[in-house]
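Chemist: Submitted below is the structure of interest, expressed as structure tokens.
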Amino acid sequence: MNNGALSPPWFPPLDKPAVPHARRPPAAERGATVAALRATVEAALPHVFDPTASLHAAGQALRRALNREDAAAERAALAQALAAAQAAWQFEPAVLDAACRLLCGGAVALPCAAPRHAALAMAAAAWASCGRPCVLMTADDEGAARASQLLLPLFQQLGIDAAPAGSDANGAMLRRAYAAGVVIVPARRFTADLTRDRRERSSGDALQLEARLHGAAGAGVLVTRGLFTLLVDELDRVLFDDAVNPVLLSVPDDSTALGPALQRSRELADALEPGHHYSLSVAHGLQWTAAGAVLAGELIATLPPLWRQPERAEWLLRQALTVRDLLQPGRHYTLNNGHVHLDDAIGRALPDRGLLPHLTQAIQARTGVPLSPVTRATERASVLGLAASAHRLAGAAADLQGLEAALWRRHGLCADDARSTHAQAMVEACRDDADWQARIQARFGAPPDTHRLFVLRQLNAAARLADLPGAKAEAWVLASLSPQRALQQLQERAEADGRAPARHVEIVFTEPLDSRRAEAQLIARVMDVAQGADVTPRLLLQPEARWVAQALGPLATPLRALCRQWPAATPRLLTVTLSLLRWQMARQQARALQAQSQREHQLKLQLSFAGSAPALPPQSSEPAARRTS
């Protein structure tokens with residue numbers, strides 16, 4: 001453990017661009033490599049008498065092998081470290097096999113969270129033994145909390161210093177977490193922290209930076225130790241589903257007094273009456289009456305000076321009136337502890353997409369909660385760039401179906417056992433919207449031994465479900481959130497009523513998710529918290545759903561007419577439409593990931609030409625050496 005007064009040693013991430021990977025190794029060759037590592041571990045197990053001492057010895061050997069860049073010695077040291085961890089923890093053979101695949105630079109599909117976390121823990125223990133930073137990265141804070149709860153006692157048993165770094169950690173707590181041998185951290189938190197530290201090290205005078213780092217008041221400029229080993233839980237979410245959204249570093253900056261202007265515009269909106277002073281609609285926007293134009297001119301004079309200019313003032317009033325008159329809580333946004341969550345399709349409820357900037361603060365002003373700080377972006381980063389800069393990369397997920405080629409092409413990872421381990425959701429095709437509502441209504445009021453969970457894709461779907469009689473007593477969850485809390489509420493309600501634990505959990509997908517893999521991922525999360533109950537998924541398809549129009553555009557109307565005319569053909573027509581939609585969404589995601597990678601590469605080139613960063617080395621036709629263990 002490093003003294004808190006000093007900065008921990010820095011391990012620089014790789015700055016190389018993405019290298020096109022050569023031939024993907026055949027399954028037989030890959031299996032032989034994993035089998036050889038597993039055999040070495042099995043041979044070392046009988047000789048482990050003190051797991052902690054054996055792990056320490058393996059770490060010293062691994063450190064020497066990494067310094068010499070000796071791949072054979074590295075594999076031998078990793079096998080010895082795995083043997084020490086297995087001797088201490090006594091995991092199932094399947095977990096040990098998955099850990100071997102991770103150490104060979106693989107991506108492993110394990111549907112249940114417990115064995116997945118166990119395999120990641122064994123790989124983390126092996127890499128952390130050498131003293132270089134090892135990051136166990138999760139998709140969100142909830143995943144980090146679950147992993148920490150299970151793994152921290154295991155690491156303590158082996159004498160490994162490990163700590164969580166949640167999104168709310170700061171100051172000394174955050175530096176303490178990153179100084180540990182293993183840090184368990186959400187993806188976006190680590191991306192932001194590492195990007196900020198890399199910028200801090202690359203800017204200014206090096207001697208001045210060292211003085212700031214090691215001075216009495218300087219401890220704490222950098223929080224991370226750099227990056228060497230990156231182990232990713234829920235690999236598909238982190239590197240694909242969520243990776244299309246960049247991480248923006250920002251600083252509080254309200255030089256235009258936007259916050260007070262939003263607060264004042266909310267008060268001014270209350271002085272305007274619809275119909276008498278204005279008319280507002282999505283189709284026609286904001287239109288003033290003669291009386292409204294006169295009153296608006298008087299009200300604008302009370303805004304902060306910078307916002308009295310007519311175009312800016314009208315934008316403020318238009319946004320405040322839109323939030324008051326057009327946006328509905330629970331349908332277009334939700335408010336939880338002062339945080340605003342916008343529906344993905346909220347742009348369709350706005351007269352002008354130019355109202356989206358600072359819409360969150362406008363909603364907070366309307367609801368009377370403190371405004372989030374108005375910020376200015378200073379840096380752009382992504383989890384994709386973070387994964388590309390790791391010296392050693394591996395990960396696991398509940399399901400990797402359909403990602404085998406992309407994992408190898410983008411990250412040099414071989415997806416092992418990527419076939420789906422869950423039965424597909426049973427599909428029920430509804431004739432029309434009335435049939436869909438009747439089927440949903442019939443599932444309200446689950447039997448005593450059954451928990452029924454309704455999965456919704458967006459807030460609009462939640463509002464549609466809430467309109468049905470009896471829906472308020474049912475449990476539902478958005479597909480982007482974890483179902484754990486909803487199931488816990490159902491279980492607590494059953495305990496309060498004196499009922500026995502549920503033997504069945506039924507998942508009702510009110511509309512399809514982005515992919516079959518996303519549905520399998522959600523089913524796996526439900527199974528993790530179902531306490532051994534049988535899990536049955538059902539998918540309800542209907543012609544009037546929004547996803548049909550999203551897939552077919554103007555052809556959605558003829559399809560709906562065909563479904564009404566030939567009800568027997570409805571299941572086949574909707575199934576084909578769903579396949580088309582998922583193909584479109586997969587293509588859009590691939591394009592978004594490609595655009596993200598290209599943008600980062602262009603930024604690096606611009607910095608290298610400007611002299612702000614070292615020039616990038618030429619690309620090689622050989623696979624990256626960091627992917628071989």
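Each chain of the structure tokens is named A, B, ... in the order shown, its residues numbered from 1; ligands are numbered from 1 in display order.
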Could you list, as a ChimeraX atom specification, every residue within 10 Å of segment 474-481 of chain A, counting only C-alpha atoms and ignoring same-chain residues fewer than 4 positions away?
Modeler: /A:140,142,443-446,451-459,461-462,465-466,470,485-487,489-490,507-509,512-514,518-519,522
Chemist: List as a ChimeraX atom specification the protein and nucleic acid residues near Arg380 of chain A, meaning an atom at most 9 Å away when only C-alpha atoms are counted, but skip any in the same chain fewer than 5 places from it.
Modeler: /A:192,195,246-249,600
Chemist: Write a file of the just-selected residues containing C-alpha atoms, as a JSON list (two decimals), in the first residue's frame.
Modeler:
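Once everything was written out, this is again_11.json:
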```
[["chain", "number", "residue", "atom", "x", "y", "z"],
["A", 192, "ALA", "CA", -13.72, 9.95, -16.76],
["A", 195, "THR", "CA", -9.06, 10.63, -19.01],
["A", 246, "PRO", "CA", -19.28, 9.36, -25.08],
["A", 247, "VAL", "CA", -18.10, 10.41, -21.64],
["A", 248, "LEU", "CA", -17.88, 14.20, -21.42],
["A", 249, "LEU", "CA", -15.66, 15.85, -18.82],
["A", 600, "GLU", "CA", -11.26, 9.49, -31.40]]
```
Chemist: Counting only C-alpha atoms, figure out which residue out of A:Leu578, A:Ala293, A:Ile300, A:Arg116 gets nearest to Ser279 of chain A.
Modeler: A:Ala293
Chemist: May I have all residues of segment 57-161 of chain A that DSSP, computed from the backbone, assigns to strand (DSSP E or B), given as an MDAnalysis selection string?
Modeler: chainID A and resid 106:109 134:138
Chemist: When DSSP is applied to the backbone of this structure, which of segment 313-466 of chain A are assigned alpha helix (DSSP H)? Write them out as JSON, numbers by chain.
Modeler: {"A": [313, 314, 315, 316, 317, 318, 319, 320, 321, 322, 323, 324, 325, 359, 360, 361, 362, 363, 364, 365, 366, 367, 383, 384, 385, 386, 387, 388, 404, 405, 406, 407, 408, 409, 410, 411, 433, 434, 435, 436, 437, 438, 439, 440, 441, 442, 459, 460, 461, 462, 463, 464, 465, 466]}
